[in-house]
Amino acid sequence: MLTSICGINWGDEGKGRMVDLLSQDFDVVCRYQGGNNAGHTVINDKGRFILNLLPSGILRENVVNVLGNGMVIDIKHLCGEIENLRKAGIRITPDNLKISDKAVITMPYNVLQDIMEEDRLQKATGKPYGSTRRGIAPVYADKYLKKVFRMGELLNTDLLYKRVSDIVDWKNMTIRAYGFEPVKTEDMIDYFETYGKPLKDYICDVGLYLNKANKAGKNIMFEAQLGALRDIDFGIVPYTSSSSTIAAYAPIGAGVPNLKLDKSIGIMKAYSSCVGAGPFTCEYFGEKAERLRELGGEYGAATGRPRRVGPFDVVASRYGIRCQGADEIALTKLDVLDDYDEIEICTKYELNGKILTEFPFTDVLDMCKPVFEKVKGWHCDISECRKKEQLPKEALDYINLLERLCDCKIRYVSVGAERDAFVKMY
Ligand code: GDP
Ligand code: MG
C-alpha cells in the first residue's frame, strides 16, 4: 500500500509530527522532493527533533527511510543531521537509511548563489523571494540545465572529480557577475571528500528497493515537504519551493514511477501560517497577528523567522485539497485556538466588489481581500482530549464546518505537539 502525506496549505502544517505519528503503520518512509529547506519538528519520547533532510520515520525503530531522486541533498548538512541524531541515540545505518543514487547534490556555490540573488533582489526591488538561502532554487535550476552532480557519482570519484573543474568554471561566470570571489575546484573536491565519502554506504537504486518492498506487501509512505501552495507549478509562483510538493509527484520523486498511490492524506492546519513573502490573502496584522503567532509558536523550524499568520482560509484550502487529491485530512493545531471566544474563518475572497470562491491566479490573488466570518469558540483547554466525545461541542462544530466547507473528511485532529496528542474522528 502506497500512501502520501502532503501539506494542504503553505507548509508548516505539522507534517513532520503527523508522519511521526502515522509511521507506526508503515514499513518505509520516503522523502521525494525538496532539500534542507524543509523543517519538520517532531517531539516524542526520545526528545525534540528538527529534521531537514531525513524522513521523520528515522525516529522509529524498524522503519526504513528513503531519500528519493526528486530531492536535492546538501551533503554537509546531511552529515550534520545524521551526527546530531546519533548523539541523541538514534540508530542510523544503511539498513534504515537509503539514499537514491539519482538524487542531486546541493553544492556550496548553490548556497552562495541563493544568498547573492536574494540580496540583489532586496537591493534592486525591496522584494526578495523569501528563500531559505540554502541553495535550493539554484540547484534545481542546475538540475534542469543538466549541470549537477548526483549522489551515485560519489561511488566513482575518479570520474566525478574529472567533471568538477568544467562545472566550476561555468558557475564562476555567474559568481563573478555578482561581484563575488570565484569558487575553487579543489574546495569542491574537498567537499565531496569530507561530506560525500561518509555517505557512500547509504547510496543505492532506491527504486529497486521500493519495488521489492511493495511486492513484499510493505506499507510505504511518501512524506512531502511544504504544502500545495508552494508547489512549483500550482503554488503562488514565484514564492514557492522549486520542486513539486504535490502527491501526484510522489511516486516519481521517490523512484517508483511505475507504482500508483493508494491514498493521499492531506495535512491541514486549523488556522493559516506562511513563511516569507508572497500573497497571503487571509493574513492578520498587528495585535491580532501577534496573538495568534504567540499562541501557535509560529517561528520557522529551519530559520527561526516569525511566520505570517491568519485564520483558516477556505478558498486556499479547498484548492490545496484538490491539488493533493486528498482522500482524508489530518487537521492540526486545533488547541492553538483554545483561547478564542470567537474564531474567524476566511470563507471567500473579494476582488473589486466581486466575490471569489475559487483560488485565483497569483497576480489576481495579490489584489484579493479576505472575507471573514465568525463562529463560536470553545474557550477551554482541549490539549488533553484523546477521544471525539471529549471534544467540546464548539470544537466539533468547527471541525464539521471545515469538513463541509472543504468537502473532505477529517480523520485525525491534533491537539498538541506530542506524539499521542490527537483524536481519531472515525
Ligand atoms: P511541518 O514543516 O509541516 O512538519 O511543520 P513544522 O514542524 O514546521 O511546524 C509545526 C509546529 O507545530 C511544530 O513546532 C510542531 O511541534 C507543532 N505542532 C504540531 N502539531 C501540533 C498541535 O496539534 N498542537 C500544537 N500546539 N502544536 C503542534
Ligand atoms: Mg516546517
# chains A, B, ... in the order shown; residues from 1 in each chain; ligands from 1
call {"tool": "residues_near_ligand", "arguments": {"ligand": "ligand 1", "cutoff": "6 Å", "atoms": "only C-alpha atoms and all ligand atoms", "output": "list in words"}}
result
Gly11, Asp12, Glu13, Gly14, Lys15, Gly16, Arg17, Gly39, His40, Thr41, Val42, Ala301, Thr332, Lys333, Leu334, Asp335, Val336, Ser414, Val415, Gly416 and Ala417 of chain A
call {"tool": "residues_around", "arguments": {"residues": "region 319-328 of chain A", "least_positions_apart": "6", "cutoff": "10 Å", "atoms": "only C-alpha atoms", "output": "short mmCIF file (atom, residue, chain, number, x, y, z; two decimals) with N, CA, C and O atoms, in the first residue's frame"}}
result
data_model
loop_
_atom_site.label_atom_id
_atom_site.label_comp_id
_atom_site.auth_asym_id
_atom_site.auth_seq_id
_atom_site.Cartn_x
_atom_site.Cartn_y
_atom_site.Cartn_z
N SER A 4 0.51 8.84 0.44
CA SER A 4 1.29 10.07 0.51
C SER A 4 0.73 10.95 1.62
O SER A 4 -0.47 10.95 1.89
N ILE A 5 1.62 11.66 2.29
CA ILE A 5 1.21 12.63 3.30
C ILE A 5 1.72 13.99 2.86
O ILE A 5 2.92 14.19 2.75
N CYS A 6 0.78 14.87 2.54
CA CYS A 6 1.17 16.14 1.93
C CYS A 6 0.53 17.31 2.63
O CYS A 6 -0.52 17.17 3.27
N GLY A 7 1.12 18.47 2.47
CA GLY A 7 0.58 19.69 3.05
C GLY A 7 -0.51 20.28 2.17
O GLY A 7 -0.38 20.30 0.95
N ILE A 8 -1.57 20.77 2.79
CA ILE A 8 -2.68 21.38 2.05
C ILE A 8 -2.45 22.87 1.90
O ILE A 8 -2.95 23.50 0.97
N ASN A 9 -1.67 23.47 2.79
CA ASN A 9 -1.57 24.93 2.82
C ASN A 9 -0.19 25.42 2.35
O ASN A 9 0.31 24.95 1.34
N TRP A 10 0.41 26.34 3.13
CA TRP A 10 1.66 26.97 2.71
C TRP A 10 2.88 26.27 3.32
O TRP A 10 3.98 26.79 3.28
N GLY A 227 3.78 22.75 1.37
CA GLY A 227 2.39 22.45 1.06
C GLY A 227 2.05 22.72 -0.40
O GLY A 227 2.89 23.18 -1.17
N ALA A 228 0.78 22.45 -0.75
CA ALA A 228 0.32 22.59 -2.13
C ALA A 228 0.59 24.00 -2.67
O ALA A 228 0.94 24.17 -3.83
N LEU A 229 0.45 25.00 -1.80
CA LEU A 229 0.57 26.38 -2.28
C LEU A 229 2.02 26.79 -2.51
O LEU A 229 2.30 27.90 -2.97
N ARG A 230 2.95 25.86 -2.21
CA ARG A 230 4.37 26.09 -2.50
C ARG A 230 4.85 25.22 -3.66
O ARG A 230 6.04 25.12 -3.91
N ASP A 231 3.92 24.57 -4.34
CA ASP A 231 4.31 23.74 -5.47
C ASP A 231 4.81 24.62 -6.61
O ASP A 231 4.25 25.69 -6.87
N PHE A 234 1.72 24.67 -9.16
CA PHE A 234 0.37 25.01 -8.71
C PHE A 234 0.35 26.03 -7.58
O PHE A 234 -0.71 26.49 -7.16
N GLY A 235 1.50 26.38 -7.06
CA GLY A 235 1.58 27.28 -5.92
C GLY A 235 1.63 28.75 -6.32
O GLY A 235 1.36 29.12 -7.47
N THR A 245 5.56 19.72 -4.80
CA THR A 245 5.23 19.32 -3.43
C THR A 245 3.96 18.47 -3.40
O THR A 245 3.48 18.11 -2.33
N ILE A 246 3.42 18.17 -4.59
CA ILE A 246 2.11 17.51 -4.60
C ILE A 246 2.22 15.98 -4.62
O ILE A 246 3.21 15.41 -5.07
N ALA A 247 1.13 15.37 -4.17
CA ALA A 247 1.10 13.91 -4.00
C ALA A 247 1.35 13.18 -5.32
O ALA A 247 2.04 12.16 -5.34
N ALA A 248 0.81 13.72 -6.41
CA ALA A 248 0.94 13.03 -7.70
C ALA A 248 2.40 12.86 -8.11
O ALA A 248 2.74 11.98 -8.89
N TYR A 249 3.27 13.72 -7.58
CA TYR A 249 4.70 13.62 -7.93
C TYR A 249 5.43 12.59 -7.07
O TYR A 249 6.54 12.17 -7.42
N ASP A 262 -2.13 4.65 -3.43
CA ASP A 262 -3.41 4.11 -2.98
C ASP A 262 -4.20 5.15 -2.20
O ASP A 262 -5.42 5.14 -2.18
N LYS A 263 -3.48 6.06 -1.55
CA LYS A 263 -4.18 7.00 -0.69
C LYS A 263 -3.37 8.29 -0.52
O LYS A 263 -2.14 8.25 -0.46
N SER A 264 -4.08 9.42 -0.46
CA SER A 264 -3.42 10.69 -0.19
C SER A 264 -4.03 11.30 1.08
O SER A 264 -5.23 11.55 1.15
N ILE A 265 -3.18 11.51 2.07
CA ILE A 265 -3.64 12.14 3.32
C ILE A 265 -3.14 13.58 3.31
O ILE A 265 -1.95 13.84 3.14
N GLY A 266 -4.05 14.51 3.49
CA GLY A 266 -3.68 15.93 3.50
C GLY A 266 -3.54 16.44 4.92
O GLY A 266 -4.38 16.16 5.77
N ILE A 267 -2.46 17.17 5.17
CA ILE A 267 -2.29 17.78 6.50
C ILE A 267 -2.70 19.25 6.38
O ILE A 267 -2.15 20.00 5.57
N MET A 268 -3.68 19.62 7.18
CA MET A 268 -4.26 20.96 7.08
C MET A 268 -4.30 21.58 8.47
O MET A 268 -4.67 20.93 9.44
N THR A 357 -14.81 32.40 -4.90
CA THR A 357 -14.79 31.22 -4.04
C THR A 357 -13.74 30.21 -4.50
O THR A 357 -13.45 29.25 -3.82
N GLU A 358 -13.18 30.44 -5.70
CA GLU A 358 -12.12 29.55 -6.19
C GLU A 358 -10.79 30.29 -6.17
O GLU A 358 -10.75 31.49 -6.45
N PHE A 359 -9.72 29.58 -5.84
CA PHE A 359 -8.39 30.17 -5.70
C PHE A 359 -7.91 30.71 -7.05
O PHE A 359 -7.79 29.96 -8.02
N PRO A 360 -7.63 32.02 -7.14
CA PRO A 360 -7.30 32.60 -8.44
C PRO A 360 -5.80 32.52 -8.79
O PRO A 360 -4.99 32.10 -7.97
N GLU A 403 -15.01 20.57 7.44
CA GLU A 403 -15.28 19.41 6.57
C GLU A 403 -16.26 19.78 5.48
O GLU A 403 -16.06 19.47 4.31
N CYS A 406 -14.85 22.47 3.03
CA CYS A 406 -13.75 21.98 2.19
C CYS A 406 -14.12 20.70 1.46
O CYS A 406 -13.36 20.22 0.63
N ASP A 407 -15.25 20.12 1.80
CA ASP A 407 -15.73 18.91 1.15
C ASP A 407 -14.70 17.77 1.23
O ASP A 407 -14.33 17.16 0.22
N CYS A 408 -14.20 17.55 2.43
CA CYS A 408 -13.26 16.44 2.63
C CYS A 408 -13.34 15.96 4.07
O CYS A 408 -13.51 16.77 4.99
N LYS A 409 -13.26 14.65 4.27
CA LYS A 409 -13.39 14.10 5.61
C LYS A 409 -12.14 14.40 6.46
O LYS A 409 -11.01 14.27 5.98
N ILE A 410 -12.36 14.79 7.71
CA ILE A 410 -11.25 15.00 8.64
C ILE A 410 -11.15 13.76 9.53
O ILE A 410 -12.07 13.47 10.31
N ARG A 411 -10.06 13.01 9.39
CA ARG A 411 -9.94 11.76 10.11
C ARG A 411 -9.20 11.91 11.44
O ARG A 411 -9.52 11.25 12.41
N TYR A 412 -8.19 12.76 11.43
CA TYR A 412 -7.40 12.99 12.65
C TYR A 412 -7.45 14.47 13.01
O TYR A 412 -7.47 15.33 12.13
#
call {"tool": "select_by_dssp", "arguments": {"residues": "region 196-424 of chain A", "states": "strand (DSSP E or B)", "output": "count of residues only"}}
result
62
call {"tool": "closest_residue", "arguments": {"among": "A:Glu223, A:Glu118, A:Asp101, A:Glu81", "to": "Arg31 (chain A)", "atoms": "only C-alpha atoms"}}
result
A:Glu223
call {"tool": "closest_residue", "arguments": {"among": "A:Tyr202, A:Tyr161, A:Tyr349, A:Phe361", "to": "Val66 (chain A)", "atoms": "only C-alpha atoms"}}
result
A:Tyr202
call {"tool": "decode", "arguments": {"residues": "region 150-256 of chain A", "atoms": "C-alpha atoms", "output": "PDB file, in the first residue's frame"}}
result
ATOM      1  CA  ARG A 150      24.359  13.194  -8.350  1.00  0.00           C
ATOM      2  CA  MET A 151      24.767  11.036  -5.296  1.00  0.00           C
ATOM      3  CA  GLY A 152      25.623   7.940  -7.386  1.00  0.00           C
ATOM      4  CA  GLU A 153      28.721   9.724  -8.669  1.00  0.00           C
ATOM      5  CA  LEU A 154      30.194   9.604  -5.171  1.00  0.00           C
ATOM      6  CA  LEU A 155      30.612   5.862  -5.735  1.00  0.00           C
ATOM      7  CA  ASN A 156      33.066   6.548  -8.535  1.00  0.00           C
ATOM      8  CA  THR A 157      35.030   9.620  -7.547  1.00  0.00           C
ATOM      9  CA  ASP A 158      37.716   9.251 -10.261  1.00  0.00           C
ATOM     10  CA  LEU A 159      35.075  10.033 -12.870  1.00  0.00           C
ATOM     11  CA  LEU A 160      33.350  12.595 -10.668  1.00  0.00           C
ATOM     12  CA  TYR A 161      36.461  14.657  -9.974  1.00  0.00           C
ATOM     13  CA  LYS A 162      37.227  14.926 -13.699  1.00  0.00           C
ATOM     14  CA  ARG A 163      33.907  16.764 -14.189  1.00  0.00           C
ATOM     15  CA  VAL A 164      34.351  19.286 -11.392  1.00  0.00           C
ATOM     16  CA  SER A 165      36.594  21.910 -12.979  1.00  0.00           C
ATOM     17  CA  ASP A 166      34.390  22.454 -16.038  1.00  0.00           C
ATOM     18  CA  ILE A 167      31.264  22.985 -13.958  1.00  0.00           C
ATOM     19  CA  VAL A 168      33.156  25.224 -11.522  1.00  0.00           C
ATOM     20  CA  ASP A 169      34.449  27.367 -14.432  1.00  0.00           C
ATOM     21  CA  TRP A 170      30.928  27.684 -15.773  1.00  0.00           C
ATOM     22  CA  LYS A 171      29.477  28.564 -12.370  1.00  0.00           C
ATOM     23  CA  ASN A 172      32.198  31.135 -11.715  1.00  0.00           C
ATOM     24  CA  MET A 173      30.997  33.153 -14.701  1.00  0.00           C
ATOM     25  CA  THR A 174      27.800  33.753 -12.733  1.00  0.00           C
ATOM     26  CA  ILE A 175      29.508  34.310  -9.404  1.00  0.00           C
ATOM     27  CA  ARG A 176      31.855  36.921 -10.911  1.00  0.00           C
ATOM     28  CA  ALA A 177      28.901  38.729 -12.478  1.00  0.00           C
ATOM     29  CA  TYR A 178      27.548  39.275  -8.969  1.00  0.00           C
ATOM     30  CA  GLY A 179      30.965  40.685  -7.969  1.00  0.00           C
ATOM     31  CA  PHE A 180      31.857  37.774  -5.680  1.00  0.00           C
ATOM     32  CA  GLU A 181      35.052  35.727  -5.324  1.00  0.00           C
ATOM     33  CA  PRO A 182      35.049  32.677  -7.633  1.00  0.00           C
ATOM     34  CA  VAL A 183      34.973  29.221  -6.034  1.00  0.00           C
ATOM     35  CA  LYS A 184      37.866  26.775  -6.349  1.00  0.00           C
ATOM     36  CA  THR A 185      37.805  23.294  -7.879  1.00  0.00           C
ATOM     37  CA  GLU A 186      39.976  21.910  -5.018  1.00  0.00           C
ATOM     38  CA  ASP A 187      37.454  23.181  -2.467  1.00  0.00           C
ATOM     39  CA  MET A 188      34.617  21.396  -4.263  1.00  0.00           C
ATOM     40  CA  ILE A 189      36.630  18.166  -4.350  1.00  0.00           C
ATOM     41  CA  ASP A 190      37.312  18.624  -0.637  1.00  0.00           C
ATOM     42  CA  TYR A 191      33.553  18.995  -0.082  1.00  0.00           C
ATOM     43  CA  PHE A 192      32.950  15.643  -1.782  1.00  0.00           C
ATOM     44  CA  GLU A 193      35.840  14.013   0.119  1.00  0.00           C
ATOM     45  CA  THR A 194      34.732  15.291   3.526  1.00  0.00           C
ATOM     46  CA  TYR A 195      30.962  15.007   3.303  1.00  0.00           C
ATOM     47  CA  GLY A 196      30.350  12.636   0.376  1.00  0.00           C
ATOM     48  CA  LYS A 197      32.545   9.729   1.375  1.00  0.00           C
ATOM     49  CA  PRO A 198      30.824   9.106   4.753  1.00  0.00           C
ATOM     50  CA  LEU A 199      27.512   8.721   2.886  1.00  0.00           C
ATOM     51  CA  LYS A 200      28.730   6.129   0.362  1.00  0.00           C
ATOM     52  CA  ASP A 201      27.261   3.096   2.084  1.00  0.00           C
ATOM     53  CA  TYR A 202      23.758   4.561   2.012  1.00  0.00           C
ATOM     54  CA  ILE A 203      23.638   5.248  -1.740  1.00  0.00           C
ATOM     55  CA  CYS A 204      21.707   2.783  -3.906  1.00  0.00           C
ATOM     56  CA  ASP A 205      18.967   2.336  -6.503  1.00  0.00           C
ATOM     57  CA  VAL A 206      16.087   3.069  -4.135  1.00  0.00           C
ATOM     58  CA  GLY A 207      13.544   2.394  -6.893  1.00  0.00           C
ATOM     59  CA  LEU A 208      14.632  -1.225  -6.962  1.00  0.00           C
ATOM     60  CA  TYR A 209      14.396  -1.418  -3.182  1.00  0.00           C
ATOM     61  CA  LEU A 210      10.927   0.212  -3.128  1.00  0.00           C
ATOM     62  CA  ASN A 211       9.560  -2.066  -5.839  1.00  0.00           C
ATOM     63  CA  LYS A 212      10.730  -5.118  -3.910  1.00  0.00           C
ATOM     64  CA  ALA A 213       9.295  -3.735  -0.685  1.00  0.00           C
ATOM     65  CA  ASN A 214       5.981  -3.071  -2.420  1.00  0.00           C
ATOM     66  CA  LYS A 215       5.864  -6.605  -3.880  1.00  0.00           C
ATOM     67  CA  ALA A 216       6.564  -7.991  -0.435  1.00  0.00           C
ATOM     68  CA  GLY A 217       3.427  -6.185   0.797  1.00  0.00           C
ATOM     69  CA  LYS A 218       5.205  -3.489   2.781  1.00  0.00           C
ATOM     70  CA  ASN A 219       3.403  -0.256   3.637  1.00  0.00           C
ATOM     71  CA  ILE A 220       5.174   2.684   2.014  1.00  0.00           C
ATOM     72  CA  MET A 221       4.647   6.313   2.929  1.00  0.00           C
ATOM     73  CA  PHE A 222       5.706   9.352   0.919  1.00  0.00           C
ATOM     74  CA  GLU A 223       6.401  12.388   3.032  1.00  0.00           C
ATOM     75  CA  ALA A 224       6.139  15.816   1.420  1.00  0.00           C
ATOM     76  CA  GLN A 225       7.941  18.941   2.369  1.00  0.00           C
ATOM     77  CA  LEU A 226       5.997  22.214   2.262  1.00  0.00           C
ATOM     78  CA  GLY A 227       2.390  22.449   1.059  1.00  0.00           C
ATOM     79  CA  ALA A 228       0.320  22.593  -2.132  1.00  0.00           C
ATOM     80  CA  LEU A 229       0.571  26.380  -2.282  1.00  0.00           C
ATOM     81  CA  ARG A 230       4.367  26.085  -2.504  1.00  0.00           C
ATOM     82  CA  ASP A 231       4.308  23.739  -5.469  1.00  0.00           C
ATOM     83  CA  ILE A 232       6.449  24.951  -8.368  1.00  0.00           C
ATOM     84  CA  ASP A 233       3.507  24.630 -10.794  1.00  0.00           C
ATOM     85  CA  PHE A 234       0.370  25.010  -8.707  1.00  0.00           C
ATOM     86  CA  GLY A 235       1.579  27.283  -5.922  1.00  0.00           C
ATOM     87  CA  ILE A 236       1.982  31.042  -5.524  1.00  0.00           C
ATOM     88  CA  VAL A 237       4.815  31.349  -8.071  1.00  0.00           C
ATOM     89  CA  PRO A 238       7.492  32.700  -7.570  1.00  0.00           C
ATOM     90  CA  TYR A 239       7.023  32.490  -3.808  1.00  0.00           C
ATOM     91  CA  THR A 240       7.114  28.733  -3.983  1.00  0.00           C
ATOM     92  CA  SER A 241       9.558  25.970  -3.493  1.00  0.00           C
ATOM     93  CA  SER A 242      11.459  24.908  -6.611  1.00  0.00           C
ATOM     94  CA  SER A 243      10.057  21.379  -6.654  1.00  0.00           C
ATOM     95  CA  SER A 244       6.744  19.521  -6.878  1.00  0.00           C
ATOM     96  CA  THR A 245       5.233  19.318  -3.431  1.00  0.00           C
ATOM     97  CA  ILE A 246       2.114  17.507  -4.595  1.00  0.00           C
ATOM     98  CA  ALA A 247       1.095  13.908  -4.004  1.00  0.00           C
ATOM     99  CA  ALA A 248       0.940  13.031  -7.695  1.00  0.00           C
ATOM    100  CA  TYR A 249       4.697  13.624  -7.934  1.00  0.00           C
ATOM    101  CA  ALA A 250       5.492  11.300  -5.029  1.00  0.00           C
ATOM    102  CA  PRO A 251       5.986   8.064  -6.996  1.00  0.00           C
ATOM    103  CA  ILE A 252       8.268   9.868  -9.464  1.00  0.00           C
ATOM    104  CA  GLY A 253      10.335  11.742  -6.897  1.00  0.00           C
ATOM    105  CA  ALA A 254      10.704   8.647  -4.740  1.00  0.00           C
ATOM    106  CA  GLY A 255      11.920   6.474  -7.599  1.00  0.00           C
ATOM    107  CA  VAL A 256       8.875   4.330  -8.413  1.00  0.00           C
TER     108      VAL A 256
END
